[in-house]
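Structure file coords_30.pdb; described as PDB, C-alpha atoms (C1' of nucleotides).
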ATOM      1  CA  MET A   1      93.433  85.952  78.084
ATOM      2  CA  PRO A   2      90.148  86.309  79.834
ATOM      3  CA  GLU A   3      90.828  86.829  83.492
ATOM      4  CA  LEU A   4      88.176  87.706  86.012
ATOM      5  CA  PRO A   5      88.003  91.418  85.065
ATOM      6  CA  GLU A   6      87.322  90.555  81.453
ATOM      7  CA  VAL A   7      84.555  88.117  82.341
ATOM      8  CA  GLU A   8      83.000  90.745  84.602
ATOM      9  CA  THR A   9      83.229  93.315  81.823
ATOM     10  CA  THR A  10      81.699  90.871  79.351
ATOM     11  CA  CYS A  11      78.874  90.118  81.755
ATOM     12  CA  ARG A  12      78.061  93.795  82.280
ATOM     13  CA  GLY A  13      78.430  94.542  78.590
ATOM     14  CA  VAL A  14      76.097  91.922  77.161
ATOM     15  CA  ALA A  15      73.509  91.709  79.966
ATOM     16  CA  PRO A  16      71.407  94.777  79.017
ATOM     17  CA  TRP A  17      70.872  93.427  75.488
ATOM     18  CA  LEU A  18      69.931  89.926  76.493
ATOM     19  CA  GLU A  19      68.026  89.989  79.766
ATOM     20  CA  GLY A  20      64.263  89.636  79.331
ATOM     21  CA  ARG A  21      64.483  88.278  75.787
ATOM     22  CA  SER A  22      63.879  84.683  74.739
ATOM     23  CA  VAL A  23      66.236  82.342  72.949
ATOM     24  CA  GLU A  24      65.107  82.210  69.356
ATOM     25  CA  LEU A  25      68.081  80.201  68.123
ATOM     26  CA  LEU A  26      71.261  78.691  69.452
ATOM     27  CA  ASP A  27      73.446  78.092  66.409
ATOM     28  CA  VAL A  28      76.298  75.643  67.059
ATOM     29  CA  ARG A  29      78.803  75.654  64.211
ATOM     30  CA  GLU A  30      81.606  73.932  66.112
ATOM     31  CA  PRO A  31      80.601  71.711  69.049
ATOM     32  CA  ARG A  32      84.149  70.585  69.862
ATOM     33  CA  LEU A  33      84.976  72.889  72.735
ATOM     34  CA  ARG A  34      86.706  71.883  75.984
ATOM     35  CA  TRP A  35      83.708  69.631  76.487
ATOM     36  CA  PRO A  36      81.650  68.800  73.415
ATOM     37  CA  ILE A  37      78.328  70.571  73.177
ATOM     38  CA  PRO A  38      75.448  68.049  73.232
ATOM     39  CA  GLN A  39      73.502  67.865  69.976
ATOM     40  CA  ASN A  40      70.187  68.529  71.687
ATOM     41  CA  LEU A  41      71.313  71.722  73.464
ATOM     42  CA  PRO A  42      69.741  74.088  70.896
ATOM     43  CA  ARG A  43      66.376  72.327  71.302
ATOM     44  CA  GLN A  44      66.775  72.360  75.075
ATOM     45  CA  VAL A  45      67.176  76.137  75.313
ATOM     46  CA  HIS A  46      64.855  77.188  72.490
ATOM     47  CA  GLY A  47      62.121  79.561  73.618
ATOM     48  CA  LEU A  48      63.418  80.006  77.166
ATOM     49  CA  ARG A  49      63.618  83.512  78.587
ATOM     50  CA  ILE A  50      66.991  84.926  79.607
ATOM     51  CA  GLY A  51      67.147  85.985  83.247
ATOM     52  CA  THR A  52      69.696  88.067  85.142
ATOM     53  CA  LEU A  53      73.280  87.356  84.093
ATOM     54  CA  GLN A  54      75.774  86.739  86.836
ATOM     55  CA  ARG A  55      79.491  86.125  87.073
ATOM     56  CA  ARG A  56      80.965  83.552  89.456
ATOM     57  CA  ALA A  57      84.759  83.208  89.296
ATOM     58  CA  LYS A  58      85.457  83.164  85.550
ATOM     59  CA  TYR A  59      82.115  81.579  84.755
ATOM     60  CA  LEU A  60      79.239  83.501  83.219
ATOM     61  CA  LEU A  61      75.845  82.265  84.416
ATOM     62  CA  MET A  62      72.805  82.750  82.200
ATOM     63  CA  PRO A  63      69.523  81.626  83.789
ATOM     64  CA  LEU A  64      66.898  80.538  81.261
ATOM     65  CA  MET A  65      63.295  80.539  82.424
ATOM     66  CA  ASP A  66      60.660  78.199  81.105
ATOM     67  CA  LEU A  67      57.479  80.264  81.210
ATOM     68  CA  GLN A  68      55.396  77.065  81.342
ATOM     69  CA  HIS A  69      57.333  75.944  84.419
ATOM     70  CA  PRO A  70      58.547  79.085  86.160
ATOM     71  CA  GLU A  71      59.583  77.168  89.270
ATOM     72  CA  ARG A  72      62.291  75.276  87.386
ATOM     73  CA  SER A  73      65.806  76.651  87.633
ATOM     74  CA  GLN A  74      68.002  76.044  84.595
ATOM     75  CA  GLY A  75      70.307  77.834  82.235
ATOM     76  CA  LEU A  76      73.695  78.070  80.597
ATOM     77  CA  ILE A  77      77.170  78.313  82.066
ATOM     78  CA  TRP A  78      79.717  79.922  79.763
ATOM     79  CA  HIS A  79      83.470  79.777  80.242
ATOM     80  CA  LEU A  80      85.844  81.653  77.944
ATOM     81  CA  GLY A  81      88.833  79.415  78.589
ATOM     82  CA  MET A  82      92.093  80.904  77.407
ATOM     83  CA  SER A  83      91.183  82.672  74.219
ATOM     84  CA  GLY A  84      87.396  82.924  74.176
ATOM     85  CA  SER A  85      85.280  86.031  73.832
ATOM     86  CA  LEU A  86      81.583  86.846  73.773
ATOM     87  CA  ARG A  87      80.443  89.765  71.707
ATOM     88  CA  LEU A  88      77.201  91.306  70.560
ATOM     89  CA  VAL A  89      77.011  91.398  66.791
ATOM     90  CA  SER A  90      74.483  92.257  64.140
ATOM     91  CA  PRO A  91      72.717  89.175  62.701
ATOM     92  CA  GLN A  92      74.253  90.095  59.339
ATOM     93  CA  GLU A  93      77.818  89.978  60.640
ATOM     94  CA  PRO A  94      79.710  87.324  58.618
ATOM     95  CA  TRP A  95      81.034  84.357  60.581
ATOM     96  CA  LYS A  96      84.761  84.538  61.076
ATOM     97  CA  LYS A  97      87.266  81.775  61.604
ATOM     98  CA  HIS A  98      86.902  80.384  65.151
ATOM     99  CA  ASP A  99      83.395  81.767  65.611
ATOM    100  CA  HIS A 100      81.760  78.677  67.108
ATOM    101  CA  LEU A 101      78.381  79.621  68.578
ATOM    102  CA  GLN A 102      75.682  82.209  68.274
ATOM    103  CA  LEU A 103      72.681  82.882  70.452
ATOM    104  CA  THR A 104      69.943  84.821  68.668
ATOM    105  CA  PRO A 105      67.373  86.487  70.951
ATOM    106  CA  SER A 106      63.769  86.991  69.935
ATOM    107  CA  PRO A 107      62.729  90.550  69.138
ATOM    108  CA  LEU A 108      60.647  92.436  71.690
ATOM    109  CA  PRO A 109      57.441  94.156  70.527
ATOM    110  CA  SER A 110      59.203  97.502  70.917
ATOM    111  CA  ASP A 111      62.082  96.533  68.602
ATOM    112  CA  THR A 112      62.271  98.191  65.224
ATOM    113  CA  ARG A 113      65.396  96.298  64.152
ATOM    114  CA  PRO A 114      66.475  92.698  64.708
ATOM    115  CA  PRO A 115      68.141  92.322  68.105
ATOM    116  CA  LEU A 116      71.881  91.852  68.376
ATOM    117  CA  CYS A 117      73.193  88.296  68.633
ATOM    118  CA  LEU A 118      75.654  86.915  71.153
ATOM    119  CA  ARG A 119      78.550  85.325  69.350
ATOM    120  CA  TYR A 120      81.232  83.115  70.865
ATOM    121  CA  HIS A 121      84.718  83.193  69.362
ATOM    122  CA  ASP A 122      87.540  80.976  70.642
ATOM    123  CA  PRO A 123      90.642  80.065  68.598
ATOM    124  CA  ARG A 124      92.010  77.561  71.104
ATOM    125  CA  ARG A 125      88.668  76.074  72.085
ATOM    126  CA  PHE A 126      89.564  75.845  75.762
ATOM    127  CA  GLY A 127      86.257  77.433  76.629
ATOM    128  CA  PHE A 128      82.970  75.618  77.093
ATOM    129  CA  LEU A 129      79.227  75.900  77.401
ATOM    130  CA  LEU A 130      77.235  73.827  79.893
ATOM    131  CA  PHE A 131      73.547  73.423  80.572
ATOM    132  CA  TYR A 132      72.585  73.343  84.239
ATOM    133  CA  THR A 133      69.463  72.532  86.171
ATOM    134  CA  GLY A 134      68.904  73.479  89.792
ATOM    135  CA  ASP A 135      71.172  75.913  91.610
ATOM    136  CA  PRO A 136      74.042  76.803  89.257
ATOM    137  CA  LEU A 137      76.312  77.570  92.205
ATOM    138  CA  LEU A 138      75.971  73.919  93.224
ATOM    139  CA  HIS A 139      76.949  72.649  89.785
ATOM    140  CA  PRO A 140      79.919  70.230  90.083
ATOM    141  CA  ARG A 141      82.136  72.716  88.257
ATOM    142  CA  LEU A 142      81.293  75.530  90.671
ATOM    143  CA  GLU A 143      80.495  74.038  94.042
ATOM    144  CA  LYS A 144      84.074  73.692  95.265
ATOM    145  CA  LEU A 145      85.154  77.193  94.324
ATOM    146  CA  GLY A 146      86.636  79.469  96.970
ATOM    147  CA  PRO A 147      85.386  82.987  97.728
ATOM    148  CA  GLU A 148      85.167  85.827  95.254
ATOM    149  CA  PRO A 149      88.329  87.942  95.625
ATOM    150  CA  LEU A 150      86.366  91.178  95.997
ATOM    151  CA  SER A 151      83.985  89.787  98.614
ATOM    152  CA  ASP A 152      84.351  90.078 102.364
ATOM    153  CA  ASP A 153      84.733  86.296 102.542
ATOM    154  CA  PHE A 154      88.185  86.594 101.034
ATOM    155  CA  THR A 155      90.365  87.482 103.991
ATOM    156  CA  ALA A 156      93.987  87.208 105.069
ATOM    157  CA  GLN A 157      92.876  85.073 108.008
ATOM    158  CA  ARG A 158      91.350  82.554 105.642
ATOM    159  CA  LEU A 159      94.491  82.315 103.481
ATOM    160  CA  TYR A 160      96.707  82.123 106.542
ATOM    161  CA  GLN A 161      94.718  79.358 108.229
ATOM    162  CA  ARG A 162      94.333  77.287 105.108
ATOM    163  CA  SER A 163      98.010  77.563 104.182
ATOM    164  CA  ARG A 164      99.469  76.226 107.438
ATOM    165  CA  GLN A 165     101.622  73.127 106.791
ATOM    166  CA  ARG A 166     101.200  73.655 103.040
ATOM    167  CA  LYS A 167     104.489  73.335 101.212
ATOM    168  CA  LEU A 168     103.492  74.402  97.729
ATOM    169  CA  PRO A 169     104.780  77.766  96.449
ATOM    170  CA  VAL A 170     102.606  80.685  97.545
ATOM    171  CA  LYS A 171     102.016  81.617  93.916
ATOM    172  CA  ALA A 172     100.472  78.209  93.208
ATOM    173  CA  PHE A 173      98.483  78.519  96.434
ATOM    174  CA  ILE A 174      96.796  81.803  95.526
ATOM    175  CA  MET A 175      96.107  80.530  92.013
ATOM    176  CA  ASP A 176      94.253  77.543  93.485
ATOM    177  CA  SER A 177      90.552  78.225  92.908
ATOM    178  CA  ALA A 178      89.637  76.460  96.158
ATOM    179  CA  GLN A 179      91.439  79.251  98.061
ATOM    180  CA  VAL A 180      90.235  82.221  96.044
ATOM    181  CA  VAL A 181      88.884  82.479  92.502
ATOM    182  CA  GLY A 182      89.911  84.740  89.684
ATOM    183  CA  VAL A 183      93.612  85.083  90.441
ATOM    184  CA  GLY A 184      95.289  83.968  87.230
ATOM    185  CA  ASN A 185      98.941  84.053  86.320
ATOM    186  CA  ILE A 186      99.056  87.756  85.522
ATOM    187  CA  TYR A 187      97.424  88.940  88.733
ATOM    188  CA  ALA A 188      99.252  86.450  90.952
ATOM    189  CA  THR A 189     102.556  87.645  89.516
ATOM    190  CA  GLU A 190     101.669  91.298  89.982
ATOM    191  CA  ALA A 191     100.243  90.985  93.482
ATOM    192  CA  LEU A 192     103.255  89.047  94.772
ATOM    193  CA  PHE A 193     105.620  91.557  93.239
ATOM    194  CA  ARG A 194     103.873  94.476  94.882
ATOM    195  CA  ALA A 195     103.632  92.643  98.193
ATOM    196  CA  GLY A 196     107.372  91.887  98.075
ATOM    197  CA  ILE A 197     106.811  88.150  98.488
ATOM    198  CA  ASP A 198     108.988  85.581  96.720
ATOM    199  CA  PRO A 199     106.537  83.513  94.616
ATOM    200  CA  ARG A 200     108.549  80.342  95.324
ATOM    201  CA  ARG A 201     108.180  80.611  99.100
ATOM    202  CA  ALA A 202     106.153  77.848 100.735
ATOM    203  CA  ALA A 203     102.581  79.030 101.375
ATOM    204  CA  GLY A 204     102.731  77.708 104.931
ATOM    205  CA  ARG A 205     105.713  79.865 105.777
ATOM    206  CA  ILE A 206     104.163  83.254 105.210
ATOM    207  CA  SER A 207     102.995  85.363 108.139
ATOM    208  CA  LEU A 208      99.495  86.685 108.708
ATOM    209  CA  ALA A 209     100.851  90.223 108.320
ATOM    210  CA  ARG A 210     102.191  89.403 104.855
ATOM    211  CA  TYR A 211      98.947  87.707 103.804
ATOM    212  CA  THR A 212      97.124  90.828 104.970
ATOM    213  CA  GLU A 213      99.191  92.902 102.577
ATOM    214  CA  LEU A 214      98.799  90.359  99.781
ATOM    215  CA  VAL A 215      95.006  90.206 100.101
ATOM    216  CA  LYS A 216      94.795  93.986 100.068
ATOM    217  CA  LEU A 217      96.808  94.122  96.855
ATOM    218  CA  ILE A 218      94.846  91.365  95.106
ATOM    219  CA  LYS A 219      91.628  93.272  95.791
ATOM    220  CA  LEU A 220      93.168  96.567  94.716
ATOM    221  CA  ILE A 221      94.623  95.233  91.471
ATOM    222  CA  LEU A 222      91.501  93.308  90.442
ATOM    223  CA  ALA A 223      89.204  96.232  91.230
ATOM    224  CA  ALA A 224      91.386  98.559  89.160
ATOM    225  CA  ALA A 225      91.384  96.092  86.262
ATOM    226  CA  ILE A 226      87.596  95.811  86.330
ATOM    227  CA  GLU A 227      87.337  99.578  86.294
ATOM    228  CA  GLN A 228      89.552  99.702  83.215
ATOM    229  CA  GLY A 229      87.525  96.983  81.538
ATOM    230  CA  GLY A 230      84.455  99.047  82.280
ATOM    231  CA  THR A 231      85.736 101.847  80.122
ATOM    232  CA  THR A 232      85.565  99.619  77.039
ATOM    233  CA  LEU A 233      81.976  98.393  77.342
ATOM    234  CA  ARG A 234      81.144  99.944  73.988
ATOM    235  CA  ASP A 235      83.548  97.494  72.346
ATOM    236  CA  PHE A 236      81.058  94.719  72.943
ATOM    237  CA  VAL A 237      78.778  96.103  70.282
ATOM    238  CA  GLY A 238      80.289  96.105  66.841
ATOM    239  CA  GLY A 239      83.813  96.787  68.059
ATOM    240  CA  ASP A 240      86.695  94.390  68.211
ATOM    241  CA  GLY A 241      85.812  93.142  71.667
ATOM    242  CA  LYS A 242      89.309  93.584  73.003
ATOM    243  CA  PRO A 243      89.425  94.159  76.740
ATOM    244  CA  GLY A 244      90.990  97.214  78.242
ATOM    245  CA  TYR A 245      92.977  95.700  81.021
ATOM    246  CA  PHE A 246      96.022  94.995  78.890
ATOM    247  CA  ALA A 247      96.500  98.714  78.892
ATOM    248  CA  GLN A 248      97.174  98.698  82.600
ATOM    249  CA  GLN A 249     100.753  98.979  83.670
ATOM    250  CA  LEU A 250     102.298  95.654  84.606
ATOM    251  CA  ASP A 251     105.289  95.763  86.951
ATOM    252  CA  ALA A 252     106.472  92.173  86.722
ATOM    253  CA  TYR A 253     104.426  90.020  84.313
ATOM    254  CA  GLY A 254     106.161  89.843  80.954
ATOM    255  CA  ARG A 255     109.137  91.902  82.153
ATOM    256  CA  ALA A 256     111.767  89.193  82.724
ATOM    257  CA  GLY A 257     115.264  90.517  82.040
ATOM    258  CA  GLN A 258     114.134  94.110  82.477
ATOM    259  CA  PRO A 259     115.017  96.274  85.486
ATOM    260  CA  CYS A 260     112.778  96.206  88.553
ATOM    261  CA  ARG A 261     110.771  99.427  88.827
ATOM    262  CA  LYS A 262     111.544  99.634  92.543
ATOM    263  CA  CYS A 263     115.245  98.773  92.741
ATOM    264  CA  SER A 264     116.542  98.310  89.162
ATOM    265  CA  THR A 265     117.650  94.723  89.777
ATOM    266  CA  VAL A 266     117.127  92.545  86.695
ATOM    267  CA  LEU A 267     113.834  90.656  87.007
ATOM    268  CA  GLN A 268     114.189  86.864  86.942
ATOM    269  CA  GLU A 269     111.961  84.266  85.342
ATOM    270  CA  THR A 270     111.269  80.814  86.717
ATOM    271  CA  ARG A 271     108.533  78.226  86.390
ATOM    272  CA  ILE A 272     106.063  77.478  89.143
ATOM    273  CA  GLY A 273     103.475  74.806  88.490
ATOM    274  CA  GLN A 274     104.149  74.886  84.727
ATOM    275  CA  ARG A 275     103.560  78.643  84.737
ATOM    276  CA  SER A 276     106.098  81.288  83.900
ATOM    277  CA  SER A 277     106.777  83.433  86.926
ATOM    278  CA  VAL A 278     108.635  86.712  86.951
ATOM    279  CA  PHE A 279     109.946  88.216  90.159
ATOM    280  CA  CYS A 280     112.562  90.561  91.573
ATOM    281  CA  PRO A 281     115.217  88.621  93.482
ATOM    282  CA  GLN A 282     115.997  91.759  95.500
ATOM    283  CA  CYS A 283     112.530  93.040  96.476
ATOM    284  CA  GLN A 284     110.721  89.726  96.825
ATOM    285  CA  ARG A 285     111.710  87.591  99.788
TER     286      ARG A 285
ATOM    287  C1'  DA B   1      95.148  64.865 101.382
ATOM    288  C1'  DT B   2      98.860  67.003  98.907
ATOM    289  C1'  DG B   3     101.643  68.321  95.096
ATOM    290  C1'  DC B   4     103.140  67.614  90.649
ATOM    291  C1'  DG B   5     102.864  67.058  85.705
ATOM    292  C1'  DG B   6     100.288  66.021  81.475
ATOM    293  C1'  DA B   7      96.424  66.964  78.457
ATOM    294  C1'  DC B   8      93.578  69.968  75.804
ATOM    295  C1'  DC B   9      94.273  73.742  71.413
ATOM    296  C1'  DT B  10      96.216  76.954  67.946
ATOM    297  C1'  DG B  11      98.348  81.553  66.878
ATOM    298  C1'  DT B  12     102.627  83.656  67.615
ATOM    299  C1'  DT B  13     107.406  83.851  68.313
ATOM    300  C1'  DA B  14     112.054  81.987  68.839
ATOM    301  C1'  DG B  15     115.617  79.215  67.028
ATOM    302  C1'  DC B  16     117.995  76.600  63.560
TER     303       DC B  16
ATOM    304  C1'  DT C   1     113.622  82.044  53.730
ATOM    305  C1'  DG C   2     111.363  78.170  55.480
ATOM    306  C1'  DC C   3     110.874  74.874  58.659
ATOM    307  C1'  DT C   4     110.246  73.027  63.422
ATOM    308  C1'  DA C   5     109.819  73.632  68.341
ATOM    309  C1'  DA C   6     108.547  76.061  72.234
ATOM    310  C1'  DC C   7     105.363  78.902  74.449
ATOM    311  C1'  DA C   8     101.109  80.995  76.248
ATOM    312  C1'  DG C   9      97.259  80.012  79.701
ATOM    313  C1'  DG C  10      92.589  77.922  82.806
ATOM    314  C1'  DT C  11      90.963  73.873  84.220
ATOM    315  C1'  DC C  12      90.587  69.022  84.810
ATOM    316  C1'  DC C  13      92.542  64.543  85.623
ATOM    317  C1'  DG C  14      95.694  60.889  86.877
ATOM    318  C1'  DC C  15      99.531  59.469  89.493
ATOM    319  C1'  DA C  16     102.777  58.997  93.412
TER     320       DA C  16
END

Rewrite the structure from the file as structure tokens, please.
Amino acid sequence: MPELPEVETTCRGVAPWLEGRSVELLDVREPRLRWPIPQNLPRQVHGLRIGTLQRRAKYLLMPLMDLQHPERSQGLIWHLGMSGSLRLVSPQEPWKKHDHLQLTPSPLPSDTRPPLCLRYHDPRRFGFLLFYTGDPLLHPRLEKLGPEPLSDDFTAQRLYQRSRQRKLPVKAFIMDSAQVVGVGNIYATEALFRAGIDPRRAAGRISLARYTELVKLIKLILAAAIEQGGTTLRDFVGGDGKPGYFAQQLDAYGRAGQPCRKCSTVLQETRIGQRSSVFCPQCQR
DNA sequence: ATGCGGACCTGTTAGC
DNA sequence: TGCTAACAGGTCCGCA
């Protein structure tokens, strides 16, 4: 499941191979993603030069410059959905089941071999690829997003203020991308466990002091996960592309019925906003 | 505006 | 053993 750390790792992993090259070919073998890929997209991006890749929330932004019209801002927005992955592969690599797209960059004069291709694989097809013009951060899909969790804009004060009078469970609140981006089910579960906050508690009934602790932990956990992902950058070339963050130790997620690591109470499972939620009924209040 | 639930999709696992 | 049903999850959308 691509969470923010995996998208960040993907971005860092593929950027050095792609930036500065042009799009020779966008090969669409399966256009039926979360939103269908327009038929003319390959023509639209052909020949454009790939700029600096950037991650925003779980979106990967790929600016594409038209050298005839350098003032125009345009490019691609990738989203990996639930089961998507982007990987650099050799042009000879056979297409596997659920490989849907491939972006082939043009060779540079200094290249002695064909450049690696960017291939998109996504069994569940929840991911998507969009073409944008103008400022990508103002794209309808991105403009209403909350702050990046690792930025200084993500503060306890912000969460506290925006949660007053809100009755939804705090877990659903921190998973709301208008509050903060990149906190998926795994990280919400873990952060609330470590903060000792009951995930079912109304967001509006949590003190500033407790939000301060929660924000600290979200930043800590995400930063650690990105660092782990960073150790597997080599997997993006020829490897299996599996992210490293699964290796991290999870205290609550996926441990329902097992003893709490702090107090040995059996961890409980419930559902919050259609999501499975594991918590310790003793430690989390 | 807020909060909830359904839809999308398919590989894996649980249950009969 | 073989079948069906539930489950996983990010994001969007419709409804009350």

Can you turn the PyMOL selection byres ((chain C) within 9 of (chain A)) into a concrete residue list for this file, as an mmCIF file with C-alpha atoms (C1' of nucleotides), in the coordinates of the input?
data_model
loop_
_atom_site.group_PDB
_atom_site.id
_atom_site.type_symbol
_atom_site.label_atom_id
_atom_site.label_comp_id
_atom_site.auth_asym_id
_atom_site.auth_seq_id
_atom_site.Cartn_x
_atom_site.Cartn_y
_atom_site.Cartn_z
ATOM 1 C "C1'" DG C 9 97.259 80.012 79.701
ATOM 2 C "C1'" DG C 10 92.589 77.922 82.806
ATOM 3 C "C1'" DT C 11 90.963 73.873 84.220
#

For chain A, work out the contacting residues on chain B at 12 Å, counting all atoms listed in the file, and write them as a compact mmCIF listing (two decimals) with C-alpha atoms (C1' of nucleotides), keeping the file's coordinate frame.
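Done, and the output landed in selection.txt:
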# COMPACT_ATOMS: atom_id res chain seq x y z
C1' DA B 1 95.15 64.86 101.38
C1' DT B 2 98.86 67.00 98.91
C1' DG B 3 101.64 68.32 95.10
C1' DC B 4 103.14 67.61 90.65
C1' DG B 5 102.86 67.06 85.70
C1' DG B 6 100.29 66.02 81.47
C1' DA B 7 96.42 66.96 78.46
C1' DC B 8 93.58 69.97 75.80
C1' DC B 9 94.27 73.74 71.41
C1' DT B 10 96.22 76.95 67.95
C1' DG B 11 98.35 81.55 66.88

Exercise for the section: Any chance you could resolve the PyMOL selection byres ((chain B and resi 14) around 10) against this file and give the residues as a ChimeraX atom specification? Expected result: /B:12-13,15-16 /C:5-7

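Shell of Ser22 of chain A at 7 Å, with all atoms listed in the file counted and residues fewer than 4 places along the chain excluded, is A:Gly47, A:Leu48, A:Arg49, A:Ile50, A:Pro105, A:Ser106.
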
Show me, as AutoDock Vina command-line options, the centre and edge lengths in Å to one decimal of the axis-aligned box that covers every listed atom of segment 3-16 of chain B with 8 Å on each side.
--center_x 105.8 --center_y 74.9 --center_z 79.3 --size_x 40.4 --size_y 33.8 --size_z 47.5

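Coordinates place atom CA of Gln161 of chain A at a distance of 26.9 Å from atom CA of Pro281 of chain A.
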
Problem - Glu190 of chain A environment, 12 Å, only C-alpha atoms (C1' of nucleotides), sequence neighbours closer than 2 positions dropped, as a VMD selection string - result: chain A and resid 171 183 to 188 192 to 199 214 217 to 222 225 248 to 255 277 to 280 284

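Distances to Val14 of chain A were evaluated for A:Phe128, A:Phe154, A:Phe173, A:Tyr120 using all atoms listed in the file, and the minimum falls at A:Tyr120.
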
Practice task
Tell me which protein, DNA and RNA residues are within 9 Å of Gly257 of chain A, counting all atoms listed in the file, leaving out same-chain ones fewer than 6 positions away, and put them as number ranges by chain.
Solution key: A: 266-269

Problem - For atom C1' of DA16 of chain C and atom CA of Arg201 of chain A, the interatomic separation in Å (one decimal) - result: 23.0 Å

Problem - Residues matched by the PyMOL selection byres ((chain A and resi 158) around 12) as a PyMOL selection string - result: chain A and resi 146-147+149+152-157+159-164+174+178-180+208+211-212+215

Could you save those same residues with C-alpha atoms as a PDB file, in the frame of the given file?
ATOM      1  CA  GLY A 146      86.636  79.469  96.970  1.00  0.00           C
ATOM      2  CA  PRO A 147      85.386  82.987  97.728  1.00  0.00           C
ATOM      3  CA  PRO A 149      88.329  87.942  95.625  1.00  0.00           C
ATOM      4  CA  ASP A 152      84.351  90.078 102.364  1.00  0.00           C
ATOM      5  CA  ASP A 153      84.733  86.296 102.542  1.00  0.00           C
ATOM      6  CA  PHE A 154      88.185  86.594 101.034  1.00  0.00           C
ATOM      7  CA  THR A 155      90.365  87.482 103.991  1.00  0.00           C
ATOM      8  CA  ALA A 156      93.987  87.208 105.069  1.00  0.00           C
ATOM      9  CA  GLN A 157      92.876  85.073 108.008  1.00  0.00           C
ATOM     10  CA  LEU A 159      94.491  82.315 103.481  1.00  0.00           C
ATOM     11  CA  TYR A 160      96.707  82.123 106.542  1.00  0.00           C
ATOM     12  CA  GLN A 161      94.718  79.358 108.229  1.00  0.00           C
ATOM     13  CA  ARG A 162      94.333  77.287 105.108  1.00  0.00           C
ATOM     14  CA  SER A 163      98.010  77.563 104.182  1.00  0.00           C
ATOM     15  CA  ARG A 164      99.469  76.226 107.438  1.00  0.00           C
ATOM     16  CA  ILE A 174      96.796  81.803  95.526  1.00  0.00           C
ATOM     17  CA  ALA A 178      89.637  76.460  96.158  1.00  0.00           C
ATOM     18  CA  GLN A 179      91.439  79.251  98.061  1.00  0.00           C
ATOM     19  CA  VAL A 180      90.235  82.221  96.044  1.00  0.00           C
ATOM     20  CA  LEU A 208      99.495  86.685 108.708  1.00  0.00           C
ATOM     21  CA  TYR A 211      98.947  87.707 103.804  1.00  0.00           C
ATOM     22  CA  THR A 212      97.124  90.828 104.970  1.00  0.00           C
ATOM     23  CA  VAL A 215      95.006  90.206 100.101  1.00  0.00           C
TER      24      VAL A 215
END

Practice task
For Gln44 of chain A, work out the shell of residues within 10 Å, counting only C-alpha atoms (C1' of nucleotides) and skipping chain neighbours fewer than 4 positions away, then give it as a PyMOL selection string.
Solution key: chain A and resi 26+38-40+48+75+131

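The smallest atom-to-atom distance between Glu8 of chain A and any of A:Pro94, A:Pro31, A:Pro259, A:Gly229, using only C-alpha atoms, is found for A:Gly229.
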
Exercise for the section: Excluding Pro169 of chain A and residues on its chain fewer than 4 positions from it, collect all residues at most 6 Å away from it, counting all atoms listed in the file, and give them as a PyMOL selection string. Expected result: chain A and resi 200-203

Handout entry: Separation of atom CA of Val89 of chain A from atom CA of Leu116 of chain A in Å
Key = 5.4 Å

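Of the listed residues (A:Val181, A:Leu108, A:Gln228, A:Pro140), A:Pro140 comes nearest to DC12 of chain C; the distances count all atoms listed in the file.
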